[in-house]
Amino acid sequence: MPAWLVLICCAALAAQAETPPWPDLEGEWASVQVLVATAELPLLGSITIHTVIGALTLVTQSGSQLILEDRYCFTQATPSTWLFRTQIPDLVMQSISPPPRQVTLRLVDCDLRFEQGWHTEVRGAVLADPARDALPIEPDDPRVVDLDGDGHPGMTIHASVLGVMNGQCYAVQRYRYALDGTVFDANTIVGFVDWTSEQNVLEATHALFLEPFSDGSHPDRSSHRFLMMRTDGSWTCDTLREHLQEMVQLLDF
C-alpha cells in the first residue's frame, strides 16, 4: 500500500476513534492457546512440552471494554520425548470455572489492539487472594477442593514416565496469563500470550510423581500464541476439537 494511502487510512481511523469505531465483538467465540513450556523432570532432565488449550468464550462489550467468560473444553500436551506423557482429562478441564477476564481495545498505528492484563486462575483450591496466596501443599488444607468430583484432592492429572510408571497425581495449579493481540477482523483475533504457571502435587499413585520438578514458559515469546474465532453459537467442545487443527494452523504466522 502506498505511504500516502496508509496515512489517509490512519487519519480516517483516528478520526473515527472519537466516535468510536469499535467493531461489534459480542457473541460466542472459539478460543485456542498454543504454549511451549520448558521443564526439568526427575530421571529425564530437560524437556519441552507443547500444549494446546481449547475453550468456548462468551464476549460481552461496552465500547472499547470487553468481558470474556470462558468454558474450557480440553488441553493437549505433547512432550518432546516419548518417555514422558501427561494429560489432564477433558472432565477435569471442563470442571474449571475461570473468573471473567477483561480486555481493552485500543487503536495503535492503524492496528486495532486487543489487550488483556494479567489474569489469574487457581485450579483445585480456593484462595482469598488468587494472585498472591501460596498454593496449598497438603491434601487436607481446607482451601483444597475436589475439582472434578472424583474423590481425590485438587485436580487429577494422568502421567507416564519411561512407559512403565503410569498413574495419576492430584495437584493444585495457578495459571496466570496476559494477551497482546490484534483484531484482524470482526470474526478473528490473533496474538501472543505471556504466561506463568505453578503446581503443587498433593498426592500421587506413584512416589516418582511426588518428586520436585521445575517448569516455566519457553523464553521465545513468539512461541506462545492465541486465536479467537467467532462461531455461530452452536459450537460444542466436540465441534471445537473437529476444527482444532485448522485453528492451530492459522497461528502459524
# chains A, B, ... in the order shown; residues from 1 in each chain; ligands from 1

$ residues_around --residues "Phe74 of chain A" --least-positions-apart "2" --cutoff "12 Å" --atoms "only C-alpha atoms" --output "number ranges by chain"
A: 31-33, 51-56, 71-72, 76-77, 87-96, 236-241, 244

$ write_last_selection --atoms "C-alpha atoms" --output "tab-separated table (two decimals), in the first residue's frame"
chain	number	residue	atom	x	y	z
A	31	SER	CA	-10.52	-19.79	21.69
A	32	VAL	CA	-7.23	-21.64	21.31
A	33	GLN	CA	-3.93	-21.06	23.11
A	51	THR	CA	0.36	-27.52	24.91
A	52	VAL	CA	-2.85	-26.61	23.09
A	53	ILE	CA	-5.79	-25.36	25.17
A	54	GLY	CA	-9.30	-25.13	23.72
A	55	ALA	CA	-12.22	-23.17	25.15
A	56	LEU	CA	-15.55	-21.65	24.19
A	71	ARG	CA	-15.72	-22.58	29.30
A	72	TYR	CA	-12.77	-24.90	28.95
A	76	GLN	CA	-3.47	-31.46	24.70
A	77	ALA	CA	0.13	-31.77	25.89
A	87	GLN	CA	-2.69	-35.39	30.23
A	88	ILE	CA	-5.43	-33.50	32.02
A	89	PRO	CA	-8.71	-35.35	31.28
A	90	ASP	CA	-11.44	-33.41	29.50
A	91	LEU	CA	-13.70	-33.84	32.53
A	92	VAL	CA	-11.15	-32.04	34.68
A	93	MET	CA	-10.73	-29.16	32.22
A	94	GLN	CA	-14.50	-28.81	31.88
A	95	SER	CA	-14.80	-28.66	35.70
A	96	ILE	CA	-12.70	-25.48	35.88
A	236	THR	CA	-19.78	-27.56	21.37
A	237	CYS	CA	-16.45	-28.85	22.68
A	238	ASP	CA	-16.69	-31.62	20.09
A	239	THR	CA	-17.07	-29.02	17.32
A	240	LEU	CA	-14.03	-27.17	18.59
A	241	ARG	CA	-11.99	-30.37	18.57
A	244	LEU	CA	-8.74	-27.57	16.14

$ select_by_dssp --residues "segment 81-195 of chain A" --states "strand (DSSP E or B)" --output "ChimeraX atom specification"
/A:84-87,101-108,111-123,125,144,146,154-161,165-185,188-195

$ residues_around --residues "Arg176 of chain A" --least-positions-apart "4" --cutoff "12 Å" --atoms "only C-alpha atoms" --output "NGL selection string"
:A and (98-99 or 101 or 116-123 or 130-132 or 193-199 or 216-217)

$ write_last_selection --atoms "N, CA and C atoms" --output "PDB file, in the first residue's frame"
ATOM      1  N   PRO A  98     -13.265 -20.638  35.429  1.00  0.00           N
ATOM      2  CA  PRO A  98     -12.391 -19.465  35.490  1.00  0.00           C
ATOM      3  C   PRO A  98     -13.187 -18.175  35.680  1.00  0.00           C
ATOM      4  N   PRO A  99     -12.642 -17.220  36.425  1.00  0.00           N
ATOM      5  CA  PRO A  99     -13.336 -15.942  36.573  1.00  0.00           C
ATOM      6  C   PRO A  99     -13.350 -15.179  35.251  1.00  0.00           C
ATOM      7  N   ARG A 101     -12.654 -12.406  32.492  1.00  0.00           N
ATOM      8  CA  ARG A 101     -11.466 -11.586  32.263  1.00  0.00           C
ATOM      9  C   ARG A 101     -11.834 -10.343  31.462  1.00  0.00           C
ATOM     10  N   GLN A 116      -5.230  -7.697  27.087  1.00  0.00           N
ATOM     11  CA  GLN A 116      -5.697  -8.243  28.360  1.00  0.00           C
ATOM     12  C   GLN A 116      -4.541  -8.236  29.346  1.00  0.00           C
ATOM     13  N   GLY A 117      -4.714  -7.566  30.496  1.00  0.00           N
ATOM     14  CA  GLY A 117      -3.702  -7.600  31.541  1.00  0.00           C
ATOM     15  C   GLY A 117      -3.652  -8.964  32.199  1.00  0.00           C
ATOM     16  N   TRP A 118      -2.796  -9.120  33.182  1.00  0.00           N
ATOM     17  CA  TRP A 118      -2.600 -10.421  33.825  1.00  0.00           C
ATOM     18  C   TRP A 118      -3.888 -10.917  34.467  1.00  0.00           C
ATOM     19  N   HIS A 119      -4.218 -12.145  34.145  1.00  0.00           N
ATOM     20  CA  HIS A 119      -5.434 -12.809  34.620  1.00  0.00           C
ATOM     21  C   HIS A 119      -5.016 -14.083  35.340  1.00  0.00           C
ATOM     22  N   THR A 120      -5.586 -14.330  36.517  1.00  0.00           N
ATOM     23  CA  THR A 120      -5.160 -15.455  37.350  1.00  0.00           C
ATOM     24  C   THR A 120      -6.272 -16.478  37.502  1.00  0.00           C
ATOM     25  N   GLU A 121      -5.900 -17.756  37.321  1.00  0.00           N
ATOM     26  CA  GLU A 121      -6.812 -18.868  37.577  1.00  0.00           C
ATOM     27  C   GLU A 121      -6.141 -19.829  38.547  1.00  0.00           C
ATOM     28  N   VAL A 122      -6.842 -20.186  39.615  1.00  0.00           N
ATOM     29  CA  VAL A 122      -6.359 -21.198  40.554  1.00  0.00           C
ATOM     30  C   VAL A 122      -7.243 -22.427  40.393  1.00  0.00           C
ATOM     31  N   ARG A 123      -6.611 -23.563  40.209  1.00  0.00           N
ATOM     32  CA  ARG A 123      -7.335 -24.796  39.914  1.00  0.00           C
ATOM     33  C   ARG A 123      -7.080 -25.816  41.028  1.00  0.00           C
ATOM     34  N   PRO A 130      -6.165 -14.977  44.965  1.00  0.00           N
ATOM     35  CA  PRO A 130      -5.689 -15.964  43.985  1.00  0.00           C
ATOM     36  C   PRO A 130      -4.328 -15.632  43.383  1.00  0.00           C
ATOM     37  N   ALA A 131      -4.003 -14.356  43.248  1.00  0.00           N
ATOM     38  CA  ALA A 131      -2.759 -13.982  42.591  1.00  0.00           C
ATOM     39  C   ALA A 131      -1.549 -14.075  43.521  1.00  0.00           C
ATOM     40  N   ARG A 132      -1.761 -13.991  44.847  1.00  0.00           N
ATOM     41  CA  ARG A 132      -0.620 -13.857  45.759  1.00  0.00           C
ATOM     42  C   ARG A 132      -0.524 -14.942  46.825  1.00  0.00           C
ATOM     43  N   VAL A 193       0.714 -14.692  23.861  1.00  0.00           N
ATOM     44  CA  VAL A 193       0.375 -14.972  25.252  1.00  0.00           C
ATOM     45  C   VAL A 193       1.642 -14.869  26.100  1.00  0.00           C
ATOM     46  N   ASP A 194       1.598 -14.079  27.163  1.00  0.00           N
ATOM     47  CA  ASP A 194       2.606 -14.144  28.213  1.00  0.00           C
ATOM     48  C   ASP A 194       1.998 -14.943  29.358  1.00  0.00           C
ATOM     49  N   TRP A 195       2.741 -15.887  29.931  1.00  0.00           N
ATOM     50  CA  TRP A 195       2.118 -16.744  30.931  1.00  0.00           C
ATOM     51  C   TRP A 195       3.133 -17.279  31.929  1.00  0.00           C
ATOM     52  N   THR A 196       2.611 -17.639  33.089  1.00  0.00           N
ATOM     53  CA  THR A 196       3.371 -18.344  34.109  1.00  0.00           C
ATOM     54  C   THR A 196       2.466 -19.414  34.707  1.00  0.00           C
ATOM     55  N   SER A 197       3.069 -20.440  35.295  1.00  0.00           N
ATOM     56  CA  SER A 197       2.273 -21.461  35.969  1.00  0.00           C
ATOM     57  C   SER A 197       3.016 -21.980  37.190  1.00  0.00           C
ATOM     58  N   GLU A 198       2.244 -22.410  38.179  1.00  0.00           N
ATOM     59  CA  GLU A 198       2.769 -23.061  39.376  1.00  0.00           C
ATOM     60  C   GLU A 198       1.942 -24.313  39.621  1.00  0.00           C
ATOM     61  N   GLN A 199       2.586 -25.312  40.212  1.00  0.00           N
ATOM     62  CA  GLN A 199       1.857 -26.534  40.538  1.00  0.00           C
ATOM     63  C   GLN A 199       2.452 -27.186  41.775  1.00  0.00           C
ATOM     64  N   GLY A 216       8.489 -23.895  33.259  1.00  0.00           N
ATOM     65  CA  GLY A 216       8.234 -22.478  33.022  1.00  0.00           C
ATOM     66  C   GLY A 216       7.995 -22.213  31.554  1.00  0.00           C
ATOM     67  N   SER A 217       7.680 -20.979  31.241  1.00  0.00           N
ATOM     68  CA  SER A 217       7.401 -20.558  29.876  1.00  0.00           C
ATOM     69  C   SER A 217       8.688 -20.533  29.062  1.00  0.00           C
TER      70      SER A 217
END

$ closest_atom_pairs --of "segment 208-229 of chain A" --to "segment 103-115 of chain A" --cutoff "12 Å" --atoms "only C-alpha atoms" --output "Markdown table"
| residue | atom | partner | partner_atom | distance |
| --- | --- | --- | --- | --- |
| A:Phe226 | CA | A:Phe114 | CA | 11.4 |
| A:Leu227 | CA | A:Phe114 | CA | 11.4 |
| A:Met228 | CA | A:Phe114 | CA | 10.9 |

$ closest_residue --among "A:Phe84, A:Leu58, A:Asp24, A:Ile67" --to "Leu162 of chain A" --atoms "only C-alpha atoms"
A:Phe84

$ closest_residue --among "A:Asp215, A:Glu242, A:Glu203, A:Asp70" --to "Ile137 of chain A" --atoms "only C-alpha atoms"
A:Glu203

$ select_by_dssp --residues "segment 152-242 of chain A" --states "alpha helix (DSSP H)" --output "JSON, numbers by chain"
{"A": [237, 238, 239, 240, 241, 242]}

$ atom_distance --atom1 "atom CA of Thr188 of chain A" --atom2 "atom CA of Asp252 of chain A"
14.3 Å

$ closest_residue --among "A:Asp141, A:Gly151, A:Ala186, A:Trp29" --to "Val172 of chain A" --atoms "only C-alpha atoms"
A:Asp141

$ residues_around --residues "Ser80 of chain A" --least-positions-apart "5" --cutoff "10 Å" --atoms "only C-alpha atoms" --output "list in words"
Thr38, Ser46, Ile47, Thr48, Ile49, His50 and Arg85 of chain A

$ residues_around --residues "Asn166 of chain A" --least-positions-apart "3" --cutoff "10 Å" --atoms "only C-alpha atoms" --output "PyMOL selection string"
chain A and resi 84-86+158-163+205-206+209

$ decode --residues "segment 204-237 of chain A" --atoms "N, CA, C and O atoms" --output "CSV table (one decimal), in the first residue's frame"
chain,number,residue,atom,x,y,z
A,204,ALA,N,-0.2,-38.7,45.0
A,204,ALA,CA,0.1,-39.4,43.7
A,204,ALA,C,0.0,-40.9,43.9
A,204,ALA,O,0.2,-41.4,45.0
A,205,THR,N,-0.2,-41.6,42.8
A,205,THR,CA,-0.3,-43.0,42.9
A,205,THR,C,1.1,-43.7,42.8
A,205,THR,O,1.2,-44.9,42.9
A,206,HIS,N,2.1,-42.9,42.5
A,206,HIS,CA,3.5,-43.4,42.4
A,206,HIS,C,4.4,-42.3,43.0
A,206,HIS,O,4.3,-41.1,42.8
A,207,ALA,N,5.4,-42.8,43.8
A,207,ALA,CA,6.3,-41.9,44.5
A,207,ALA,C,7.0,-41.0,43.6
A,207,ALA,O,7.3,-39.8,43.9
A,208,LEU,N,7.3,-41.4,42.4
A,208,LEU,CA,8.1,-40.6,41.4
A,208,LEU,C,7.3,-39.3,41.1
A,208,LEU,O,8.0,-38.3,40.9
A,209,PHE,N,6.0,-39.4,41.0
A,209,PHE,CA,5.2,-38.2,40.7
A,209,PHE,C,5.2,-37.2,41.8
A,209,PHE,O,4.8,-36.0,41.6
A,210,LEU,N,5.7,-37.5,43.0
A,210,LEU,CA,5.8,-36.6,44.1
A,210,LEU,C,7.2,-35.9,44.1
A,210,LEU,O,7.4,-34.9,44.9
A,211,GLU,N,8.1,-36.3,43.3
A,211,GLU,CA,9.4,-35.7,43.2
A,211,GLU,C,9.3,-34.3,42.7
A,211,GLU,O,8.5,-34.0,41.8
A,212,PRO,N,10.1,-33.3,43.3
A,212,PRO,CA,10.0,-31.9,42.9
A,212,PRO,C,10.5,-31.8,41.4
A,212,PRO,O,11.4,-32.5,41.0
A,213,PHE,N,10.0,-30.9,40.7
A,213,PHE,CA,10.4,-30.6,39.4
A,213,PHE,C,10.2,-29.1,39.1
A,213,PHE,O,9.5,-28.4,39.9
A,214,SER,N,10.7,-28.6,38.0
A,214,SER,CA,10.6,-27.2,37.7
A,214,SER,C,10.1,-27.1,36.3
A,214,SER,O,10.5,-27.9,35.4
A,215,ASP,N,9.3,-26.1,36.0
A,215,ASP,CA,8.8,-25.8,34.6
A,215,ASP,C,8.6,-24.3,34.5
A,215,ASP,O,8.4,-23.6,35.5
A,216,GLY,N,8.5,-23.9,33.3
A,216,GLY,CA,8.2,-22.5,33.0
A,216,GLY,C,8.0,-22.2,31.6
A,216,GLY,O,8.1,-23.1,30.7
A,217,SER,N,7.7,-21.0,31.2
A,217,SER,CA,7.4,-20.6,29.9
A,217,SER,C,8.7,-20.5,29.1
A,217,SER,O,9.7,-20.0,29.5
A,218,HIS,N,8.6,-21.1,27.8
A,218,HIS,CA,9.8,-21.0,27.0
A,218,HIS,C,10.2,-19.6,26.7
A,218,HIS,O,9.3,-18.7,26.5
A,219,PRO,N,11.5,-19.2,26.7
A,219,PRO,CA,11.9,-17.8,26.6
A,219,PRO,C,11.5,-17.2,25.2
A,219,PRO,O,11.5,-15.9,25.2
A,220,ASP,N,11.3,-17.9,24.2
A,220,ASP,CA,10.9,-17.4,22.9
A,220,ASP,C,9.4,-17.0,23.0
A,220,ASP,O,8.5,-17.8,22.8
A,221,ARG,N,9.2,-15.7,23.2
A,221,ARG,CA,7.8,-15.2,23.3
A,221,ARG,C,6.9,-15.5,22.1
A,221,ARG,O,5.7,-15.7,22.3
A,222,SER,N,7.5,-15.6,21.0
A,222,SER,CA,6.7,-15.8,19.7
A,222,SER,C,6.1,-17.2,19.7
A,222,SER,O,5.3,-17.5,18.8
A,223,SER,N,6.6,-18.1,20.5
A,223,SER,CA,6.1,-19.5,20.5
A,223,SER,C,4.8,-19.6,21.3
A,223,SER,O,4.2,-20.7,21.2
A,224,HIS,N,4.3,-18.6,22.0
A,224,HIS,CA,3.1,-18.6,22.7
A,224,HIS,C,2.0,-17.8,22.1
A,224,HIS,O,2.2,-16.5,22.1
A,225,ARG,N,1.0,-18.4,21.5
A,225,ARG,CA,0.1,-17.6,20.7
A,225,ARG,C,-1.4,-18.0,21.0
A,225,ARG,O,-1.6,-19.1,21.5
A,226,PHE,N,-2.3,-17.1,20.6
A,226,PHE,CA,-3.7,-17.4,20.8
A,226,PHE,C,-4.5,-17.0,19.6
A,226,PHE,O,-4.1,-16.1,18.8
A,227,LEU,N,-5.6,-17.6,19.4
A,227,LEU,CA,-6.6,-17.3,18.3
A,227,LEU,C,-8.0,-17.4,18.9
A,227,LEU,O,-8.3,-18.3,19.7
A,228,MET,N,-8.8,-16.4,18.5
A,228,MET,CA,-10.2,-16.4,18.8
A,228,MET,C,-10.9,-16.3,17.5
A,228,MET,O,-10.6,-15.4,16.7
A,229,MET,N,-11.9,-17.2,17.3
A,229,MET,CA,-12.6,-17.2,16.0
A,229,MET,C,-14.1,-17.2,16.3
A,229,MET,O,-14.6,-18.1,17.1
A,230,ARG,N,-14.8,-16.3,15.8
A,230,ARG,CA,-16.3,-16.2,16.1
A,230,ARG,C,-17.0,-17.5,15.6
A,230,ARG,O,-16.7,-18.0,14.5
A,231,THR,N,-18.0,-17.9,16.4
A,231,THR,CA,-18.8,-19.0,16.0
A,231,THR,C,-20.3,-18.6,15.9
A,231,THR,O,-20.6,-17.5,16.2
A,232,ASP,N,-21.1,-19.5,15.4
A,232,ASP,CA,-22.5,-19.2,15.2
A,232,ASP,C,-23.3,-19.5,16.4
A,232,ASP,O,-24.5,-19.4,16.4
A,233,GLY,N,-22.7,-19.8,17.5
A,233,GLY,CA,-23.4,-20.1,18.8
A,233,GLY,C,-23.8,-21.5,18.9
A,233,GLY,O,-24.3,-21.9,20.0
A,234,SER,N,-23.6,-22.4,17.9
A,234,SER,CA,-24.0,-23.8,18.0
A,234,SER,C,-22.8,-24.7,18.4
A,234,SER,O,-23.0,-25.9,18.5
A,235,TRP,N,-21.6,-24.1,18.5
A,235,TRP,CA,-20.4,-25.0,18.7
A,235,TRP,C,-20.5,-25.6,20.1
A,235,TRP,O,-20.9,-25.0,21.1
A,236,THR,N,-20.0,-26.9,20.1
A,236,THR,CA,-19.8,-27.6,21.4
A,236,THR,C,-18.3,-27.8,21.5
A,236,THR,O,-17.5,-27.5,20.5
A,237,CYS,N,-17.9,-28.5,22.6
A,237,CYS,CA,-16.5,-28.8,22.7
A,237,CYS,C,-16.1,-29.8,21.6
A,237,CYS,O,-14.9,-29.8,21.1
